[in-house]
$ cat data.txt   # compact mmCIF, C-alpha atoms
# COMPACT_ATOMS: atom_id res chain seq x y z
CA MET A 50 218.32 306.92 -100.39
CA THR A 51 216.91 309.65 -102.62
CA ALA A 52 214.22 311.04 -100.34
CA GLY A 53 212.08 314.16 -100.29
CA ILE A 54 210.75 314.00 -103.86
CA ALA A 55 206.98 313.97 -104.39
CA LEU A 56 205.29 311.31 -106.53
CA ALA A 57 202.04 312.26 -108.24
CA ALA A 58 199.43 310.98 -110.68
CA HIS A 59 197.74 313.65 -112.78
CA GLY A 60 194.35 312.54 -114.07
CA ILE A 61 195.52 309.12 -115.19
CA SER A 62 193.22 306.66 -116.97
CA LEU A 63 194.07 303.22 -118.28
CA GLY A 64 191.99 300.75 -120.26
CA GLY A 65 188.89 300.83 -118.07
CA ARG A 66 190.95 299.96 -114.99
CA LEU A 67 191.66 303.55 -113.90
CA ASP A 68 189.42 306.53 -114.53
CA ASN A 69 190.89 310.03 -114.14
CA VAL A 70 192.81 309.34 -110.93
CA GLY A 71 194.74 312.27 -109.55
CA VAL A 72 196.74 312.14 -106.34
CA ALA A 73 199.90 313.77 -104.97
CA LEU A 74 201.82 311.50 -102.62
CA ARG A 75 204.11 312.95 -99.98
CA PRO A 76 207.50 311.57 -98.95
CA GLY A 77 207.83 310.78 -95.26
CA GLU A 78 204.40 309.12 -95.12
CA VAL A 79 202.97 305.62 -95.33
CA THR A 80 200.08 305.67 -97.79
CA ALA A 81 197.74 302.68 -98.08
CA ILE A 82 195.72 302.00 -101.23
CA CYS A 83 192.55 300.09 -100.36
CA GLY A 84 189.46 298.95 -102.18
CA PRO A 85 187.47 295.87 -103.17
CA ASN A 86 188.66 293.38 -105.77
CA GLY A 87 188.97 294.94 -109.22
CA ALA A 88 189.04 298.48 -107.86
CA GLY A 89 192.28 299.36 -109.68
CA LYS A 90 194.68 299.24 -106.72
CA SER A 91 197.44 297.21 -108.33
CA THR A 92 197.04 299.08 -111.61
CA LEU A 93 197.49 302.42 -109.86
CA LEU A 94 200.57 301.15 -108.01
CA ALA A 95 202.13 299.86 -111.24
CA CYS A 96 201.50 303.23 -112.92
CA LEU A 97 203.11 305.04 -110.00
CA ALA A 98 206.13 302.75 -110.36
CA GLY A 99 206.39 303.51 -114.07
CA LEU A 100 205.67 299.91 -115.04
CA LEU A 101 202.39 300.69 -116.77
CA ALA A 102 201.85 303.72 -119.00
CA PRO A 103 198.44 305.38 -118.64
CA ASP A 104 196.35 306.02 -121.74
CA HIS A 105 195.70 309.55 -120.50
CA GLY A 106 197.39 311.73 -117.90
CA THR A 107 200.90 311.60 -116.50
CA VAL A 108 202.85 310.43 -113.47
CA THR A 109 205.54 312.73 -112.16
CA LEU A 110 208.43 312.34 -109.75
CA GLY A 111 209.24 315.80 -108.53
CA ASP A 112 209.21 317.98 -111.62
CA SER A 113 210.01 315.12 -114.00
CA ASP A 114 207.66 313.04 -116.13
CA LEU A 115 208.22 309.48 -114.95
CA ALA A 116 207.82 308.11 -118.48
CA ALA A 117 210.70 310.26 -119.74
CA MET A 118 213.04 309.45 -116.88
CA PRO A 119 216.10 307.26 -117.62
CA PRO A 120 215.34 303.71 -116.41
CA VAL A 121 218.38 303.62 -114.11
CA THR A 122 217.28 306.84 -112.39
CA ARG A 123 213.79 305.48 -111.92
CA ALA A 124 215.16 302.18 -110.59
CA ARG A 125 217.30 304.00 -108.03
CA THR A 126 214.41 306.11 -106.83
CA ILE A 127 211.44 303.72 -106.88
CA GLY A 128 211.56 300.27 -105.34
CA PHE A 129 208.65 298.05 -106.38
CA LEU A 130 207.42 294.74 -104.95
CA PRO A 131 204.74 293.09 -107.13
CA PRO A 132 201.92 291.01 -105.60
CA THR A 133 203.28 287.70 -106.93
CA PRO A 134 207.03 288.23 -107.39
CA GLU A 135 208.97 285.45 -109.08
CA VAL A 136 212.62 284.43 -109.05
CA ALA A 137 213.80 283.50 -112.54
CA TRP A 138 216.52 281.09 -111.41
CA ASP A 139 217.66 279.52 -108.17
CA MET A 140 220.21 281.42 -106.10
CA THR A 141 221.05 282.04 -102.49
CA VAL A 142 219.16 284.58 -100.42
CA GLU A 143 222.24 286.80 -100.24
CA THR A 144 222.61 286.79 -104.03
CA LEU A 145 218.93 287.58 -104.48
CA VAL A 146 219.15 290.53 -102.08
CA SER A 147 222.30 291.78 -103.82
CA LEU A 148 220.29 292.20 -107.05
CA GLY A 149 218.81 295.27 -105.40
CA ARG A 150 222.16 296.99 -105.97
CA ILE A 151 222.05 296.62 -109.77
CA PRO A 152 220.90 300.26 -110.27
CA TRP A 153 224.07 301.43 -108.47
CA PRO A 154 226.94 299.94 -110.52
CA GLY A 155 229.45 302.64 -109.61
CA ALA A 156 228.76 302.77 -105.89
CA PRO A 157 231.63 301.92 -103.52
CA ALA A 158 231.76 298.22 -102.63
CA VAL A 159 231.48 298.97 -98.91
CA GLU A 160 228.26 300.90 -99.54
CA ALA A 161 226.76 297.98 -101.45
CA GLN A 162 227.84 295.47 -98.80
CA THR A 163 226.33 297.62 -96.04
CA ALA A 164 223.04 298.02 -97.91
CA ILE A 165 222.79 294.27 -98.49
CA ALA A 166 223.66 293.44 -94.89
CA ASP A 167 221.19 295.98 -93.54
CA ALA A 168 218.40 294.60 -95.74
CA ILE A 169 219.13 291.01 -94.68
CA THR A 170 219.08 292.04 -91.03
CA ALA A 171 215.92 294.10 -91.43
CA MET A 172 214.03 291.12 -92.84
CA ASP A 173 215.43 288.63 -90.30
CA LEU A 174 217.25 286.59 -92.95
CA ALA A 175 220.74 286.28 -91.45
CA ALA A 176 220.30 282.57 -90.71
CA LEU A 177 219.06 281.98 -94.27
CA ARG A 178 221.51 284.09 -96.23
CA HIS A 179 223.27 281.07 -97.81
CA ARG A 180 220.10 279.03 -98.39
CA PRO A 181 218.86 278.61 -102.00
CA VAL A 182 215.61 280.42 -102.71
CA SER A 183 214.09 277.11 -103.86
CA ARG A 184 214.36 275.84 -100.28
CA LEU A 185 212.51 278.77 -98.70
CA SER A 186 208.94 278.74 -97.47
CA GLY A 187 206.49 281.17 -99.03
CA GLY A 188 206.90 283.60 -96.15
CA GLU A 189 210.69 283.37 -96.21
CA ARG A 190 210.73 284.02 -99.95
CA ALA A 191 208.47 287.06 -99.46
CA ARG A 192 210.91 288.45 -96.89
CA ALA A 193 213.87 287.84 -99.20
CA LEU A 194 212.16 289.65 -102.06
CA MET A 195 211.36 292.60 -99.82
CA ALA A 196 215.00 292.65 -98.70
CA ARG A 197 216.01 292.94 -102.36
CA VAL A 198 213.87 296.08 -102.62
CA LEU A 199 215.28 297.51 -99.39
CA ALA A 200 218.85 296.92 -100.59
CA THR A 201 218.31 299.48 -103.35
CA ARG A 202 217.61 302.11 -100.67
CA PRO A 203 214.99 303.81 -102.85
CA GLY A 204 213.40 307.15 -102.08
CA TRP A 205 210.00 305.58 -102.80
CA LEU A 206 209.01 302.06 -101.78
CA LEU A 207 205.90 300.67 -103.47
CA ALA A 208 204.62 297.24 -102.43
CA ASP A 209 201.54 295.28 -103.46
CA GLU A 210 200.16 293.21 -100.57
CA PRO A 211 203.55 292.90 -98.81
CA LEU A 212 202.00 291.33 -95.68
CA ALA A 213 200.09 288.57 -97.50
CA ASN A 214 202.50 285.66 -96.90
CA LEU A 215 204.01 286.72 -93.59
CA ASP A 216 203.34 285.33 -90.15
CA LEU A 217 202.28 287.73 -87.40
CA ALA A 218 205.77 288.41 -86.06
CA HIS A 219 207.32 289.10 -89.45
CA ALA A 220 204.33 291.16 -90.60
CA ALA A 221 204.69 293.35 -87.50
CA ALA A 222 208.45 293.64 -88.10
CA LEU A 223 207.91 294.65 -91.73
CA ILE A 224 205.38 297.31 -90.77
CA ALA A 225 207.91 298.68 -88.26
CA ARG A 226 210.61 298.71 -90.96
CA LEU A 227 208.33 300.53 -93.40
CA ARG A 228 207.50 303.10 -90.74
CA ASP A 229 211.25 303.56 -90.22
CA GLN A 230 211.66 304.12 -93.96
CA ALA A 231 209.02 306.86 -93.86
CA ARG A 232 210.56 308.48 -90.79
CA GLY A 233 213.82 308.56 -92.70
CA GLY A 234 212.15 310.62 -95.43
CA ALA A 235 211.14 307.93 -97.93
CA GLY A 236 207.66 307.63 -99.37
CA VAL A 237 205.95 304.30 -98.73
CA VAL A 238 202.88 303.21 -100.71
CA LEU A 239 201.19 299.89 -99.94
CA VAL A 240 198.27 298.08 -101.51
CA LEU A 241 196.46 296.50 -98.58
CA HIS A 242 193.34 294.35 -98.36
CA ASP A 243 193.62 294.25 -94.56
CA LEU A 244 191.77 297.40 -93.54
CA ALA A 245 192.92 297.06 -89.92
CA SER A 246 196.57 297.27 -91.04
CA ALA A 247 195.74 300.37 -93.06
CA MET A 248 193.82 301.93 -90.17
CA ASN A 249 196.54 301.24 -87.60
CA HIS A 250 199.71 301.90 -89.58
CA ALA A 251 199.06 304.24 -92.51
CA ASP A 252 199.27 308.01 -92.36
CA ARG A 253 196.95 308.32 -95.32
CA VAL A 254 194.50 306.04 -97.11
CA LEU A 255 193.35 306.13 -100.73
CA VAL A 256 190.11 304.23 -101.35
CA LEU A 257 189.48 303.11 -104.91
CA GLY A 258 186.32 301.71 -106.43
CA GLY A 259 185.61 300.97 -110.07
CA GLY A 260 188.89 302.54 -111.08
CA ARG A 261 188.08 305.87 -109.46
CA LEU A 262 189.52 307.55 -106.38
CA LEU A 263 186.59 307.65 -103.98
CA HIS A 264 188.23 308.81 -100.74
CA ASP A 265 191.59 310.25 -99.75
CA GLY A 266 192.48 311.19 -96.21
CA PRO A 267 193.61 310.05 -92.78
CA PRO A 268 192.59 306.47 -91.97
CA ASP A 269 189.88 307.35 -89.47
CA ARG A 270 188.02 309.33 -92.14
CA ALA A 271 188.87 307.37 -95.30
CA LEU A 272 187.92 304.09 -93.61
CA ASP A 273 185.03 305.11 -91.41
CA ALA A 274 181.97 302.86 -91.10
CA ASP A 275 180.00 304.78 -93.73
CA VAL A 276 182.78 304.42 -96.33
CA ILE A 277 183.15 300.71 -95.61
CA HIS A 278 179.39 300.28 -95.97
CA ARG A 279 179.22 302.08 -99.32
CA VAL A 280 182.44 300.80 -100.91
CA TRP A 281 182.72 297.22 -99.60
CA GLY A 282 179.02 296.55 -99.05
CA VAL A 283 179.35 295.39 -95.46
CA ALA A 284 178.37 296.86 -92.12
CA GLY A 285 181.37 297.36 -89.88
CA ARG A 286 182.51 299.09 -86.74
CA TRP A 287 185.95 299.75 -85.34
CA LEU A 288 186.85 298.36 -81.93
CA GLY A 289 189.77 299.29 -79.67
CA GLU A 290 192.08 302.24 -79.29
CA PRO A 291 193.81 304.21 -82.05
CA GLY A 292 196.81 302.28 -83.34
CA ALA A 293 195.36 298.96 -82.18
CA ARG A 294 191.95 298.85 -83.80
CA ALA A 295 190.10 295.78 -85.05
CA LEU A 296 187.25 295.80 -87.54
CA SER A 297 184.09 293.91 -86.72
CA LEU A 298 182.09 293.12 -89.87
CA GLU A 299 178.62 291.88 -90.64
CA ALA A 300 177.52 291.13 -94.19
CA LEU A 301 174.53 293.17 -95.32
CA GLY A 302 171.24 291.33 -95.62
CA ARG A 303 171.92 288.92 -92.75

$ encode --input "data.txt" --output "structure tokens"
Amino acid sequence: MTAGIALAAHGISLGGRLDNVGVALRPGEVTAICGPNGAGKSTLLACLAGLLAPDHGTVTLGDSDLAAMPPVTRARTIGFLPPTPEVAWDMTVETLVSLGRIPWPGAPAVEAQTAIADAITAMDLAALRHRPVSRLSGGERARALMARVLATRPGWLLADEPLANLDLAHAAALIARLRDQARGGAGVVLVLHDLASAMNHADRVLVLGGGRLLHDGPPDRALDADVIHRVWGVAGRWLGEPGARALSLEALGR
């Protein structure tokens, strides 16, 4: 894992989807990107991963311009899980996870085998390792695709709605794994629609609206009732204790 390197967007704009967004992300933290539909969340994540080039501004990894970085270096450092990942051809779970080692062709075989085994264990896939991907449920496939990302052992892990297809137990296990990644020094950036997950598990929340960065701070400030009212257009209040909060919502005008 290449940890400890900052990832930053410097005034990036892109085709009406992002408007002068600047943010410096810190390794060792879980950052959630939140906002209503069409806010620019996925676009920002793809720019941070180097998969979309902004029309204006730059994205940097440490002191390097991400756009000028050799693809293999970027692939080793940034692991990316898209919102609707696809598998181009049928293969076993173990083979799919092993694709995460492609950026490390010269690594010792034992290192690759350990990384693959650790990723399979982390995503509770040991019993499915020889099953073809075509025979997985949606949630099982989502876990296998996340394991592929984990097998790379990237310094930055970027995931778009990684909890969407998971049951409660596996969603909780993934959150715990992502927290472990951050404690180990990696940077974790998640697009989340579930504001309770962001409130309870993120160290920092970015709130986007209309392609602009509206709020940036700890969850209890970035997702307070006033922000939710103004950005999402609903009245809400947080219930419960820190780390186990639930959001009670009421649509405006009712």

$ residues_around --input "data.txt" --residues "Pro76 of chain A" --least-positions-apart "6" --cutoff "7 Å" --atoms "all atoms listed in the file" --output "compact mmCIF listing (two decimals) with C-alpha atoms, keeping the file's coordinate frame"
# COMPACT_ATOMS: atom_id res chain seq x y z
CA ALA A 52 214.22 311.04 -100.34
CA GLY A 53 212.08 314.16 -100.29
CA ILE A 54 210.75 314.00 -103.86
CA ALA A 55 206.98 313.97 -104.39
CA GLY A 234 212.15 310.62 -95.43
CA ALA A 235 211.14 307.93 -97.93
CA GLY A 236 207.66 307.63 -99.37

$ closest_residue --input "data.txt" --among "A:His242, A:Arg226, A:His179, A:Arg75" --to "Ser91 of chain A" --atoms "all atoms listed in the file"
A:His242

$ axis_aligned_box --input "data.txt" --around "segment 163-174 of chain A" --padding-each-side "4 Å" --output "lines of an AutoDock Vina configuration file"
center_x = 220.2
center_y = 292.3
center_z = -94.4
size_x = 20.3
size_y = 19.4
size_z = 16.2

$ residues_around --input "data.txt" --residues "Arg202 of chain A" --least-positions-apart "5" --cutoff "12 Å" --atoms "all atoms listed in the file" --output "number ranges by chain"
A: 50-52, 124-129, 146-147, 149-153, 160-161, 163-165, 167-168, 195-197, 227, 230-231, 233-236

$ write_last_selection --input "data.txt" --atoms "C-alpha atoms" --output "CSV table (one decimal), in the frame of the given file"
chain,number,residue,atom,x,y,z
A,50,MET,CA,218.3,306.9,-100.4
A,51,THR,CA,216.9,309.6,-102.6
A,52,ALA,CA,214.2,311.0,-100.3
A,124,ALA,CA,215.2,302.2,-110.6
A,125,ARG,CA,217.3,304.0,-108.0
A,126,THR,CA,214.4,306.1,-106.8
A,127,ILE,CA,211.4,303.7,-106.9
A,128,GLY,CA,211.6,300.3,-105.3
A,129,PHE,CA,208.6,298.0,-106.4
A,146,VAL,CA,219.2,290.5,-102.1
A,147,SER,CA,222.3,291.8,-103.8
A,149,GLY,CA,218.8,295.3,-105.4
A,150,ARG,CA,222.2,297.0,-106.0
A,151,ILE,CA,222.0,296.6,-109.8
A,152,PRO,CA,220.9,300.3,-110.3
A,153,TRP,CA,224.1,301.4,-108.5
A,160,GLU,CA,228.3,300.9,-99.5
A,161,ALA,CA,226.8,298.0,-101.4
A,163,THR,CA,226.3,297.6,-96.0
A,164,ALA,CA,223.0,298.0,-97.9
A,165,ILE,CA,222.8,294.3,-98.5
A,167,ASP,CA,221.2,296.0,-93.5
A,168,ALA,CA,218.4,294.6,-95.7
A,195,MET,CA,211.4,292.6,-99.8
A,196,ALA,CA,215.0,292.6,-98.7
A,197,ARG,CA,216.0,292.9,-102.4
A,227,LEU,CA,208.3,300.5,-93.4
A,230,GLN,CA,211.7,304.1,-94.0
A,231,ALA,CA,209.0,306.9,-93.9
A,233,GLY,CA,213.8,308.6,-92.7
A,234,GLY,CA,212.2,310.6,-95.4
A,235,ALA,CA,211.1,307.9,-97.9
A,236,GLY,CA,207.7,307.6,-99.4

$ residues_around --input "data.txt" --residues "segment 132-136 of chain A" --least-positions-apart "2" --cutoff "6 Å" --atoms "all atoms listed in the file" --output "list of chain:residue names"
A:Trp138, A:Asp209, A:Glu210

$ write_last_selection --input "data.txt" --atoms "C-alpha atoms" --output "PDB file, in the frame of the given file"
ATOM      1  CA  TRP A 138     216.520 281.090-111.410  1.00  0.00           C
ATOM      2  CA  ASP A 209     201.540 295.280-103.460  1.00  0.00           C
ATOM      3  CA  GLU A 210     200.160 293.210-100.570  1.00  0.00           C
TER       4      GLU A 210
END
